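Have a look at input17.cif below; it lists mmCIF, N, CA and C atoms.
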```
data_work
loop_
_atom_site.group_PDB
_atom_site.id
_atom_site.type_symbol
_atom_site.label_atom_id
_atom_site.label_comp_id
_atom_site.auth_asym_id
_atom_site.auth_seq_id
_atom_site.Cartn_x
_atom_site.Cartn_y
_atom_site.Cartn_z
ATOM 1 N N MET K 1 207.431 166.524 24.761
ATOM 2 C CA MET K 1 208.470 166.479 23.757
ATOM 3 C C MET K 1 208.732 167.867 23.176
ATOM 4 N N GLU K 2 207.777 168.759 23.174
ATOM 5 C CA GLU K 2 207.943 170.110 22.654
ATOM 6 C C GLU K 2 209.046 170.870 23.383
ATOM 7 N N SER K 3 209.195 170.656 24.699
ATOM 8 C CA SER K 3 210.167 171.398 25.476
ATOM 9 C C SER K 3 211.585 170.872 25.296
ATOM 10 N N GLN K 4 211.748 169.750 24.652
ATOM 11 C CA GLN K 4 213.058 169.159 24.438
ATOM 12 C C GLN K 4 213.857 170.023 23.460
ATOM 13 N N LYS K 5 215.102 170.311 23.811
ATOM 14 C CA LYS K 5 215.943 171.148 22.956
ATOM 15 C C LYS K 5 216.540 170.296 21.843
ATOM 16 N N PRO K 6 216.765 170.895 20.671
ATOM 17 C CA PRO K 6 217.268 170.118 19.542
ATOM 18 C C PRO K 6 218.729 169.704 19.661
ATOM 19 N N VAL K 7 219.496 170.366 20.536
ATOM 20 C CA VAL K 7 220.909 170.024 20.704
ATOM 21 C C VAL K 7 221.140 169.545 22.126
ATOM 22 N N GLN K 8 221.825 168.412 22.243
ATOM 23 C CA GLN K 8 222.136 167.856 23.559
ATOM 24 C C GLN K 8 223.576 167.363 23.554
ATOM 25 N N GLN K 9 224.379 167.844 24.492
ATOM 26 C CA GLN K 9 225.744 167.358 24.608
ATOM 27 C C GLN K 9 225.734 166.057 25.382
ATOM 28 N N ILE K 10 226.377 165.013 24.833
ATOM 29 C CA ILE K 10 226.383 163.713 25.492
ATOM 30 C C ILE K 10 227.770 163.296 25.969
ATOM 31 N N ALA K 11 228.813 164.002 25.520
ATOM 32 C CA ALA K 11 230.189 163.779 25.961
ATOM 33 C C ALA K 11 230.968 165.048 25.647
ATOM 34 N N ASP K 12 232.235 165.098 26.064
ATOM 35 C CA ASP K 12 233.035 166.297 25.812
ATOM 36 C C ASP K 12 233.129 166.645 24.334
ATOM 37 N N ASP K 13 233.101 165.632 23.483
ATOM 38 C CA ASP K 13 233.290 165.872 22.052
ATOM 39 C C ASP K 13 232.139 165.328 21.203
ATOM 40 N N SER K 14 230.966 165.138 21.815
ATOM 41 C CA SER K 14 229.825 164.562 21.093
ATOM 42 C C SER K 14 228.522 165.260 21.457
ATOM 43 N N TRP K 15 227.706 165.480 20.432
ATOM 44 C CA TRP K 15 226.409 166.114 20.604
ATOM 45 C C TRP K 15 225.370 165.364 19.785
ATOM 46 N N LEU K 16 224.124 165.431 20.240
ATOM 47 C CA LEU K 16 223.007 164.921 19.458
ATOM 48 C C LEU K 16 222.260 166.117 18.906
ATOM 49 N N LEU K 17 221.908 166.048 17.641
ATOM 50 C CA LEU K 17 221.126 167.090 16.988
ATOM 51 C C LEU K 17 219.848 166.440 16.484
ATOM 52 N N ARG K 18 218.713 166.898 17.005
ATOM 53 C CA ARG K 18 217.417 166.368 16.568
ATOM 54 C C ARG K 18 216.956 167.158 15.358
ATOM 55 N N VAL K 19 216.579 166.437 14.325
ATOM 56 C CA VAL K 19 216.235 167.052 13.040
ATOM 57 C C VAL K 19 214.887 166.543 12.562
ATOM 58 N N TRP K 20 214.115 167.430 11.962
ATOM 59 C CA TRP K 20 212.897 167.068 11.243
ATOM 60 C C TRP K 20 213.230 167.297 9.776
ATOM 61 N N ALA K 21 213.372 166.223 9.012
ATOM 62 C CA ALA K 21 213.768 166.325 7.606
ATOM 63 C C ALA K 21 212.552 166.468 6.700
ATOM 64 N N GLN K 22 212.668 167.350 5.731
ATOM 65 C CA GLN K 22 211.628 167.535 4.723
ATOM 66 C C GLN K 22 212.261 167.291 3.354
ATOM 67 N N PRO K 23 212.262 166.043 2.895
ATOM 68 C CA PRO K 23 212.862 165.734 1.599
ATOM 69 C C PRO K 23 211.998 166.228 0.440
ATOM 70 N N GLY K 24 212.626 166.362 -0.714
ATOM 71 C CA GLY K 24 211.902 166.759 -1.924
ATOM 72 C C GLY K 24 211.591 168.242 -1.998
ATOM 73 N N ALA K 25 212.271 169.059 -1.212
ATOM 74 C CA ALA K 25 212.041 170.508 -1.235
ATOM 75 C C ALA K 25 212.720 171.123 -2.462
ATOM 76 N N LYS K 26 212.334 172.346 -2.786
ATOM 77 C CA LYS K 26 212.933 173.027 -3.940
ATOM 78 C C LYS K 26 214.399 173.353 -3.715
ATOM 79 N N ARG K 27 214.743 173.697 -2.455
ATOM 80 C CA ARG K 27 216.147 173.988 -2.151
ATOM 81 C C ARG K 27 216.450 173.572 -0.722
ATOM 82 N N GLU K 28 217.725 173.358 -0.438
ATOM 83 C CA GLU K 28 218.140 172.950 0.897
ATOM 84 C C GLU K 28 218.260 174.177 1.785
ATOM 85 N N ALA K 29 217.662 174.089 2.983
ATOM 86 C CA ALA K 29 217.703 175.215 3.912
ATOM 87 C C ALA K 29 217.269 174.784 5.297
ATOM 88 N N VAL K 30 217.739 175.520 6.302
ATOM 89 C CA VAL K 30 217.240 175.365 7.663
ATOM 90 C C VAL K 30 215.950 176.170 7.730
ATOM 91 N N ALA K 31 214.887 175.561 8.235
ATOM 92 C CA ALA K 31 213.568 176.202 8.229
ATOM 93 C C ALA K 31 213.032 176.461 9.627
ATOM 94 N N GLY K 32 213.897 176.537 10.634
ATOM 95 C CA GLY K 32 213.456 176.847 11.988
ATOM 96 C C GLY K 32 213.317 175.615 12.869
ATOM 97 N N ILE K 33 212.527 175.769 13.929
ATOM 98 C CA ILE K 33 212.313 174.698 14.897
ATOM 99 C C ILE K 33 210.898 174.156 14.720
ATOM 100 N N TYR K 34 210.769 172.824 14.717
ATOM 101 C CA TYR K 34 209.474 172.166 14.573
ATOM 102 C C TYR K 34 209.441 170.960 15.500
ATOM 103 N N GLN K 35 208.511 170.927 16.412
ATOM 104 C CA GLN K 35 208.342 169.817 17.365
ATOM 105 C C GLN K 35 209.642 169.465 18.089
ATOM 106 N N GLY K 36 210.367 170.474 18.545
ATOM 107 C CA GLY K 36 211.600 170.250 19.291
ATOM 108 C C GLY K 36 212.779 169.833 18.443
ATOM 109 N N CYS K 37 212.646 169.937 17.129
ATOM 110 C CA CYS K 37 213.709 169.548 16.195
ATOM 111 C C CYS K 37 214.052 170.728 15.291
ATOM 112 N N VAL K 38 215.248 170.684 14.727
ATOM 113 C CA VAL K 38 215.608 171.647 13.697
ATOM 114 C C VAL K 38 215.003 171.137 12.398
ATOM 115 N N LYS K 39 214.163 171.948 11.772
ATOM 116 C CA LYS K 39 213.545 171.537 10.512
ATOM 117 C C LYS K 39 214.496 171.894 9.375
ATOM 118 N N ILE K 40 214.838 170.886 8.575
ATOM 119 C CA ILE K 40 215.758 171.078 7.458
ATOM 120 C C ILE K 40 215.098 170.586 6.183
ATOM 121 N N ARG K 41 215.034 171.477 5.205
ATOM 122 C CA ARG K 41 214.493 171.130 3.892
ATOM 123 C C ARG K 41 215.629 170.595 3.024
ATOM 124 N N LEU K 42 215.352 169.479 2.354
ATOM 125 C CA LEU K 42 216.359 168.821 1.514
ATOM 126 C C LEU K 42 215.834 168.660 0.094
ATOM 127 N N GLY K 43 216.688 168.870 -0.879
ATOM 128 C CA GLY K 43 216.294 168.704 -2.267
ATOM 129 C C GLY K 43 216.205 167.249 -2.689
ATOM 130 N N ALA K 44 216.910 166.381 -1.995
ATOM 131 C CA ALA K 44 216.943 164.965 -2.364
ATOM 132 C C ALA K 44 215.627 164.270 -2.011
ATOM 133 N N PRO K 45 215.229 163.294 -2.811
ATOM 134 C CA PRO K 45 214.011 162.534 -2.498
ATOM 135 C C PRO K 45 214.270 161.517 -1.386
ATOM 136 N N ALA K 46 213.200 161.061 -0.770
ATOM 137 C CA ALA K 46 213.303 160.082 0.320
ATOM 138 C C ALA K 46 213.302 158.658 -0.227
ATOM 139 N N VAL K 47 214.200 158.375 -1.141
ATOM 140 C CA VAL K 47 214.335 157.024 -1.699
ATOM 141 C C VAL K 47 215.810 156.633 -1.722
ATOM 142 N N ASP K 48 216.062 155.355 -1.542
ATOM 143 C CA ASP K 48 217.419 154.803 -1.615
ATOM 144 C C ASP K 48 218.426 155.552 -0.738
ATOM 145 N N ASN K 49 217.986 156.023 0.434
ATOM 146 C CA ASN K 49 218.868 156.687 1.395
ATOM 147 C C ASN K 49 219.417 158.030 0.896
ATOM 148 N N LYS K 50 218.877 158.544 -0.201
ATOM 149 C CA LYS K 50 219.377 159.802 -0.772
ATOM 150 C C LYS K 50 219.172 160.982 0.160
ATOM 151 N N ALA K 51 218.012 161.073 0.797
ATOM 152 C CA ALA K 51 217.741 162.192 1.703
ATOM 153 C C ALA K 51 218.639 162.133 2.938
ATOM 154 N N ASN K 52 218.893 160.953 3.469
ATOM 155 C CA ASN K 52 219.783 160.826 4.628
ATOM 156 C C ASN K 52 221.196 161.279 4.287
ATOM 157 N N LYS K 53 221.688 160.879 3.141
ATOM 158 C CA LYS K 53 223.033 161.298 2.712
ATOM 159 C C LYS K 53 223.087 162.798 2.491
ATOM 160 N N ALA K 54 222.045 163.352 1.892
ATOM 161 C CA ALA K 54 221.977 164.802 1.666
ATOM 162 C C ALA K 54 221.923 165.551 2.996
ATOM 163 N N LEU K 55 221.200 165.009 3.969
ATOM 164 C CA LEU K 55 221.101 165.630 5.287
ATOM 165 C C LEU K 55 222.471 165.696 5.956
ATOM 166 N N ILE K 56 223.198 164.606 5.936
ATOM 167 C CA ILE K 56 224.542 164.573 6.534
ATOM 168 C C ILE K 56 225.458 165.560 5.834
ATOM 169 N N ARG K 57 225.424 165.583 4.513
ATOM 170 C CA ARG K 57 226.241 166.511 3.731
ATOM 171 C C ARG K 57 225.902 167.965 4.081
ATOM 172 N N PHE K 58 224.608 168.271 4.145
ATOM 173 C CA PHE K 58 224.153 169.634 4.413
ATOM 174 C C PHE K 58 224.530 170.088 5.818
ATOM 175 N N VAL K 59 224.253 169.269 6.821
ATOM 176 C CA VAL K 59 224.569 169.638 8.204
ATOM 177 C C VAL K 59 226.081 169.794 8.387
ATOM 178 N N ALA K 60 226.853 168.897 7.821
ATOM 179 C CA ALA K 60 228.313 169.010 7.913
ATOM 180 C C ALA K 60 228.795 170.318 7.288
ATOM 181 N N SER K 61 228.233 170.679 6.155
ATOM 182 C CA SER K 61 228.691 171.902 5.485
ATOM 183 C C SER K 61 228.326 173.154 6.277
ATOM 184 N N ILE K 62 227.110 173.237 6.830
ATOM 185 C CA ILE K 62 226.753 174.461 7.550
ATOM 186 C C ILE K 62 227.425 174.557 8.919
ATOM 187 N N LEU K 63 227.829 173.424 9.484
ATOM 188 C CA LEU K 63 228.558 173.447 10.751
ATOM 189 C C LEU K 63 230.074 173.460 10.539
ATOM 190 N N ALA K 64 230.511 173.505 9.289
ATOM 191 C CA ALA K 64 231.933 173.517 8.933
ATOM 192 C C ALA K 64 232.656 172.294 9.501
ATOM 193 N N LEU K 65 232.041 171.138 9.323
ATOM 194 C CA LEU K 65 232.619 169.867 9.766
ATOM 195 C C LEU K 65 232.835 168.958 8.569
ATOM 196 N N ARG K 66 233.611 167.900 8.783
ATOM 197 C CA ARG K 66 233.741 166.869 7.754
ATOM 198 C C ARG K 66 232.527 165.957 7.833
ATOM 199 N N GLN K 67 232.168 165.355 6.710
ATOM 200 C CA GLN K 67 231.002 164.467 6.698
ATOM 201 C C GLN K 67 231.166 163.302 7.659
ATOM 202 N N ARG K 68 232.384 162.841 7.868
ATOM 203 C CA ARG K 68 232.600 161.706 8.779
ATOM 204 C C ARG K 68 232.353 162.082 10.237
ATOM 205 N N GLN K 69 232.237 163.381 10.544
ATOM 206 C CA GLN K 69 231.962 163.828 11.903
ATOM 207 C C GLN K 69 230.462 163.882 12.202
ATOM 208 N N VAL K 70 229.655 163.654 11.177
ATOM 209 C CA VAL K 70 228.196 163.679 11.313
ATOM 210 C C VAL K 70 227.665 162.318 10.884
ATOM 211 N N SER K 71 226.888 161.682 11.762
ATOM 212 C CA SER K 71 226.318 160.379 11.409
ATOM 213 C C SER K 71 224.864 160.311 11.868
ATOM 214 N N LEU K 72 224.112 159.478 11.187
ATOM 215 C CA LEU K 72 222.704 159.284 11.511
ATOM 216 C C LEU K 72 222.597 158.237 12.607
ATOM 217 N N ARG K 73 222.100 158.638 13.761
ATOM 218 C CA ARG K 73 222.000 157.717 14.899
ATOM 219 C C ARG K 73 220.638 157.034 14.949
ATOM 220 N N ASP K 74 219.569 157.797 14.749
ATOM 221 C CA ASP K 74 218.207 157.258 14.792
ATOM 222 C C ASP K 74 217.372 157.890 13.687
ATOM 223 N N GLY K 75 216.340 157.161 13.261
ATOM 224 C CA GLY K 75 215.374 157.711 12.327
ATOM 225 C C GLY K 75 215.697 157.499 10.867
ATOM 226 N N HIS K 76 216.304 156.388 10.540
ATOM 227 C CA HIS K 76 216.712 156.123 9.164
ATOM 228 C C HIS K 76 215.550 156.201 8.173
ATOM 229 N N THR K 77 214.360 155.809 8.590
ATOM 230 C CA THR K 77 213.209 155.822 7.672
ATOM 231 C C THR K 77 212.113 156.785 8.116
ATOM 232 N N SER K 78 212.444 157.670 9.023
ATOM 233 C CA SER K 78 211.474 158.618 9.563
ATOM 234 C C SER K 78 211.881 160.049 9.224
ATOM 235 N N ARG K 79 210.939 160.966 9.286
ATOM 236 C CA ARG K 79 211.291 162.380 9.112
ATOM 237 C C ARG K 79 212.015 162.900 10.344
ATOM 238 N N ARG K 80 211.673 162.353 11.520
ATOM 239 C CA ARG K 80 212.339 162.764 12.764
ATOM 240 C C ARG K 80 213.616 161.945 12.903
ATOM 241 N N LYS K 81 214.741 162.630 12.927
ATOM 242 C CA LYS K 81 216.034 161.957 12.947
ATOM 243 C C LYS K 81 216.898 162.510 14.074
ATOM 244 N N THR K 82 217.847 161.711 14.508
ATOM 245 C CA THR K 82 218.833 162.166 15.475
ATOM 246 C C THR K 82 220.204 161.968 14.850
ATOM 247 N N LEU K 83 220.956 163.074 14.769
ATOM 248 C CA LEU K 83 222.306 163.024 14.231
ATOM 249 C C LEU K 83 223.303 163.056 15.374
ATOM 250 N N LEU K 84 224.372 162.291 15.240
ATOM 251 C CA LEU K 84 225.475 162.322 16.186
ATOM 252 C C LEU K 84 226.557 163.209 15.578
ATOM 253 N N ILE K 85 226.934 164.251 16.306
ATOM 254 C CA ILE K 85 227.960 165.188 15.853
ATOM 255 C C ILE K 85 229.183 164.971 16.732
ATOM 256 N N GLU K 86 230.323 164.672 16.114
ATOM 257 C CA GLU K 86 231.559 164.451 16.855
ATOM 258 C C GLU K 86 232.601 165.468 16.404
ATOM 259 N N SER K 87 233.096 166.258 17.372
ATOM 260 C CA SER K 87 234.060 167.302 17.053
ATOM 261 C C SER K 87 234.841 167.668 18.311
ATOM 262 N N GLU K 88 236.127 167.962 18.153
ATOM 263 C CA GLU K 88 236.942 168.369 19.296
ATOM 264 C C GLU K 88 236.436 169.685 19.877
ATOM 265 N N HIS K 89 235.938 170.557 19.004
ATOM 266 C CA HIS K 89 235.447 171.864 19.421
ATOM 267 C C HIS K 89 233.941 171.922 19.196
ATOM 268 N N GLU K 90 233.257 172.623 20.076
ATOM 269 C CA GLU K 90 231.809 172.717 19.939
ATOM 270 C C GLU K 90 231.452 173.426 18.636
ATOM 271 N N PRO K 91 230.573 172.814 17.841
ATOM 272 C CA PRO K 91 230.158 173.448 16.578
ATOM 273 C C PRO K 91 229.462 174.786 16.837
ATOM 274 N N ARG K 92 229.408 175.604 15.829
ATOM 275 C CA ARG K 92 228.746 176.907 15.921
ATOM 276 C C ARG K 92 227.257 176.691 15.655
ATOM 277 N N TRP K 93 226.541 176.361 16.718
ATOM 278 C CA TRP K 93 225.136 175.996 16.607
ATOM 279 C C TRP K 93 224.266 177.114 16.061
ATOM 280 N N GLU K 94 224.682 178.368 16.237
ATOM 281 C CA GLU K 94 223.858 179.475 15.753
ATOM 282 C C GLU K 94 223.671 179.424 14.228
ATOM 283 N N ARG K 95 224.469 178.651 13.547
ATOM 284 C CA ARG K 95 224.290 178.471 12.099
ATOM 285 C C ARG K 95 223.076 177.587 11.791
ATOM 286 N N VAL K 96 222.640 176.837 12.819
ATOM 287 C CA VAL K 96 221.555 175.882 12.624
ATOM 288 C C VAL K 96 220.337 176.187 13.487
ATOM 289 N N VAL K 97 220.565 176.552 14.745
ATOM 290 C CA VAL K 97 219.449 176.743 15.676
ATOM 291 C C VAL K 97 219.557 178.081 16.396
ATOM 292 N N PRO K 98 218.435 178.638 16.815
ATOM 293 C CA PRO K 98 218.468 179.861 17.621
ATOM 294 C C PRO K 98 219.197 179.617 18.934
ATOM 295 N N ARG K 99 219.851 180.628 19.467
ATOM 296 C CA ARG K 99 220.652 180.507 20.690
ATOM 297 C C ARG K 99 219.865 179.898 21.855
ATOM 298 N N ALA K 100 218.616 180.266 22.010
ATOM 299 C CA ALA K 100 217.807 179.779 23.131
ATOM 300 C C ALA K 100 217.565 178.274 23.071
ATOM 301 N N ALA K 101 217.714 177.671 21.905
ATOM 302 C CA ALA K 101 217.435 176.247 21.743
ATOM 303 C C ALA K 101 218.641 175.377 21.999
ATOM 304 N N VAL K 102 219.780 175.967 22.341
ATOM 305 C CA VAL K 102 221.013 175.219 22.589
ATOM 306 C C VAL K 102 221.258 175.133 24.083
ATOM 307 N N LYS K 103 221.763 173.992 24.548
ATOM 308 C CA LYS K 103 222.143 173.702 25.926
ATOM 309 C C LYS K 103 220.982 173.651 26.808
#
```

Translate this structure into structure tokens?
Amino acid sequence: MESQKPVQQIADDSWLLRVWAQPGAKREAVAGIYQGCVKIRLGAPAVDNKANKALIRFVASILALRQRQVSLRDGHTSRRKTLLIESEHEPRWERVVPRAAVK
């Protein structure tokens, strides 16, 4: 699983982004790669779906997408999550992951 890249294209306009969420952090930030996932620190707590909503909001903002273009596909109650990214144009992944971890 370590060799798995965090970004995977699944259709012309769809990508999967593997994320390791760290809720309850002091500030929201991308914290590098952890276990084949993009580690993202979130200020929201992991209660009442707050961290999941914050994750979608944060990823959409750093990829310059609308929130409706980012959805949680897997991992609703886990730190390891898979986001579905839908966009006509490929997002600028370098805002989230190192170049070597894409494609």

Picked residues, the PyMOL selection byres (((chain K and resi 15 and name CA) around 10) and name CA), as an MDAnalysis selection string: chainID K and resid 7:14 16:18 70 82:87 90:91

Near-Ala25 of chain K list (8 Å; only N, CA and C atoms; drop same-chain fewer than 4 positions) as a ChimeraX atom specification: /K:29,41-45

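One finds atom CA of Gln69 of chain K at 22.6 Å from atom CA of Gly36 of chain K.
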
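Distance check against Val59 of chain K using only C-alpha atoms: of K:Val38, K:Arg79, K:His89, K:Asp74, the minimum falls on K:Val38.
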
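Counting all atoms listed in the file, the residue from K:Ala46, K:Arg73, K:Trp20, K:Arg66 that sits nearest to Tyr34 of chain K is K:Trp20.
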
Separation of atom CA of Asn52 of chain K from atom CA of His76 of chain K in Å: 7.2 Å

Expected answer as a VMD selection string: strand (DSSP E) residues in chain K: chain K and resid 7 to 11 14 to 22 29 to 34 37 to 41 70 to 74 80 to 86

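Across the structure, atom CA of Lys5 of chain K and atom CA of Trp93 of chain K are spaced 12.2 Å apart.
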
Expected answer as a PyMOL selection string: helix (DSSP H, G or I) residues in chain K: chain K and resi 50-62+67-69+93-95+99-101

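Residue nearest Gln22 of chain K within the list K:Ser78, K:Ser61, K:Ser71, K:Gln4: K:Ser78 [criterion: smallest interatomic distance, only C-alpha atoms].
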
Output check: residues returned by the PyMOL selection byres (((chain K and resi 62 and name CA) around 12) and name CA), as a PyMOL selection string: chain K and resi 28-30+40+55-61+63-67+70+91-97

Take the residues just selected and output them with N, CA and C atoms as a PDB file, keeping the file's coordinate frame.
```pdb
ATOM      1  N   GLU K  28     217.725 173.358  -0.438  1.00  0.00           N
ATOM      2  CA  GLU K  28     218.140 172.950   0.897  1.00  0.00           C
ATOM      3  C   GLU K  28     218.260 174.177   1.785  1.00  0.00           C
ATOM      4  N   ALA K  29     217.662 174.089   2.983  1.00  0.00           N
ATOM      5  CA  ALA K  29     217.703 175.215   3.912  1.00  0.00           C
ATOM      6  C   ALA K  29     217.269 174.784   5.297  1.00  0.00           C
ATOM      7  N   VAL K  30     217.739 175.520   6.302  1.00  0.00           N
ATOM      8  CA  VAL K  30     217.240 175.365   7.663  1.00  0.00           C
ATOM      9  C   VAL K  30     215.950 176.170   7.730  1.00  0.00           C
ATOM     10  N   ILE K  40     214.838 170.886   8.575  1.00  0.00           N
ATOM     11  CA  ILE K  40     215.758 171.078   7.458  1.00  0.00           C
ATOM     12  C   ILE K  40     215.098 170.586   6.183  1.00  0.00           C
ATOM     13  N   LEU K  55     221.200 165.009   3.969  1.00  0.00           N
ATOM     14  CA  LEU K  55     221.101 165.630   5.287  1.00  0.00           C
ATOM     15  C   LEU K  55     222.471 165.696   5.956  1.00  0.00           C
ATOM     16  N   ILE K  56     223.198 164.606   5.936  1.00  0.00           N
ATOM     17  CA  ILE K  56     224.542 164.573   6.534  1.00  0.00           C
ATOM     18  C   ILE K  56     225.458 165.560   5.834  1.00  0.00           C
ATOM     19  N   ARG K  57     225.424 165.583   4.513  1.00  0.00           N
ATOM     20  CA  ARG K  57     226.241 166.511   3.731  1.00  0.00           C
ATOM     21  C   ARG K  57     225.902 167.965   4.081  1.00  0.00           C
ATOM     22  N   PHE K  58     224.608 168.271   4.145  1.00  0.00           N
ATOM     23  CA  PHE K  58     224.153 169.634   4.413  1.00  0.00           C
ATOM     24  C   PHE K  58     224.530 170.088   5.818  1.00  0.00           C
ATOM     25  N   VAL K  59     224.253 169.269   6.821  1.00  0.00           N
ATOM     26  CA  VAL K  59     224.569 169.638   8.204  1.00  0.00           C
ATOM     27  C   VAL K  59     226.081 169.794   8.387  1.00  0.00           C
ATOM     28  N   ALA K  60     226.853 168.897   7.821  1.00  0.00           N
ATOM     29  CA  ALA K  60     228.313 169.010   7.913  1.00  0.00           C
ATOM     30  C   ALA K  60     228.795 170.318   7.288  1.00  0.00           C
ATOM     31  N   SER K  61     228.233 170.679   6.155  1.00  0.00           N
ATOM     32  CA  SER K  61     228.691 171.902   5.485  1.00  0.00           C
ATOM     33  C   SER K  61     228.326 173.154   6.277  1.00  0.00           C
ATOM     34  N   LEU K  63     227.829 173.424   9.484  1.00  0.00           N
ATOM     35  CA  LEU K  63     228.558 173.447  10.751  1.00  0.00           C
ATOM     36  C   LEU K  63     230.074 173.460  10.539  1.00  0.00           C
ATOM     37  N   ALA K  64     230.511 173.505   9.289  1.00  0.00           N
ATOM     38  CA  ALA K  64     231.933 173.517   8.933  1.00  0.00           C
ATOM     39  C   ALA K  64     232.656 172.294   9.501  1.00  0.00           C
ATOM     40  N   LEU K  65     232.041 171.138   9.323  1.00  0.00           N
ATOM     41  CA  LEU K  65     232.619 169.867   9.766  1.00  0.00           C
ATOM     42  C   LEU K  65     232.835 168.958   8.569  1.00  0.00           C
ATOM     43  N   ARG K  66     233.611 167.900   8.783  1.00  0.00           N
ATOM     44  CA  ARG K  66     233.741 166.869   7.754  1.00  0.00           C
ATOM     45  C   ARG K  66     232.527 165.957   7.833  1.00  0.00           C
ATOM     46  N   GLN K  67     232.168 165.355   6.710  1.00  0.00           N
ATOM     47  CA  GLN K  67     231.002 164.467   6.698  1.00  0.00           C
ATOM     48  C   GLN K  67     231.166 163.302   7.659  1.00  0.00           C
ATOM     49  N   VAL K  70     229.655 163.654  11.177  1.00  0.00           N
ATOM     50  CA  VAL K  70     228.196 163.679  11.313  1.00  0.00           C
ATOM     51  C   VAL K  70     227.665 162.318  10.884  1.00  0.00           C
ATOM     52  N   PRO K  91     230.573 172.814  17.841  1.00  0.00           N
ATOM     53  CA  PRO K  91     230.158 173.448  16.578  1.00  0.00           C
ATOM     54  C   PRO K  91     229.462 174.786  16.837  1.00  0.00           C
ATOM     55  N   ARG K  92     229.408 175.604  15.829  1.00  0.00           N
ATOM     56  CA  ARG K  92     228.746 176.907  15.921  1.00  0.00           C
ATOM     57  C   ARG K  92     227.257 176.691  15.655  1.00  0.00           C
ATOM     58  N   TRP K  93     226.541 176.361  16.718  1.00  0.00           N
ATOM     59  CA  TRP K  93     225.136 175.996  16.607  1.00  0.00           C
ATOM     60  C   TRP K  93     224.266 177.114  16.061  1.00  0.00           C
ATOM     61  N   GLU K  94     224.682 178.368  16.237  1.00  0.00           N
ATOM     62  CA  GLU K  94     223.858 179.475  15.753  1.00  0.00           C
ATOM     63  C   GLU K  94     223.671 179.424  14.228  1.00  0.00           C
ATOM     64  N   ARG K  95     224.469 178.651  13.547  1.00  0.00           N
ATOM     65  CA  ARG K  95     224.290 178.471  12.099  1.00  0.00           C
ATOM     66  C   ARG K  95     223.076 177.587  11.791  1.00  0.00           C
ATOM     67  N   VAL K  96     222.640 176.837  12.819  1.00  0.00           N
ATOM     68  CA  VAL K  96     221.555 175.882  12.624  1.00  0.00           C
ATOM     69  C   VAL K  96     220.337 176.187  13.487  1.00  0.00           C
ATOM     70  N   VAL K  97     220.565 176.552  14.745  1.00  0.00           N
ATOM     71  CA  VAL K  97     219.449 176.743  15.676  1.00  0.00           C
ATOM     72  C   VAL K  97     219.557 178.081  16.396  1.00  0.00           C
TER      73      VAL K  97
END
```

Draw an axis-aligned box tight on the listed atoms of segment 54-57 of chain K, then pad every side by 5 Å and write out centre and edge lengths in Å to one decimal as AutoDock Vina command-line options.
```
--center_x 223.7 --center_y 165.7 --center_z 4.1 --size_x 15.1 --size_y 14.6 --size_z 14.9
```
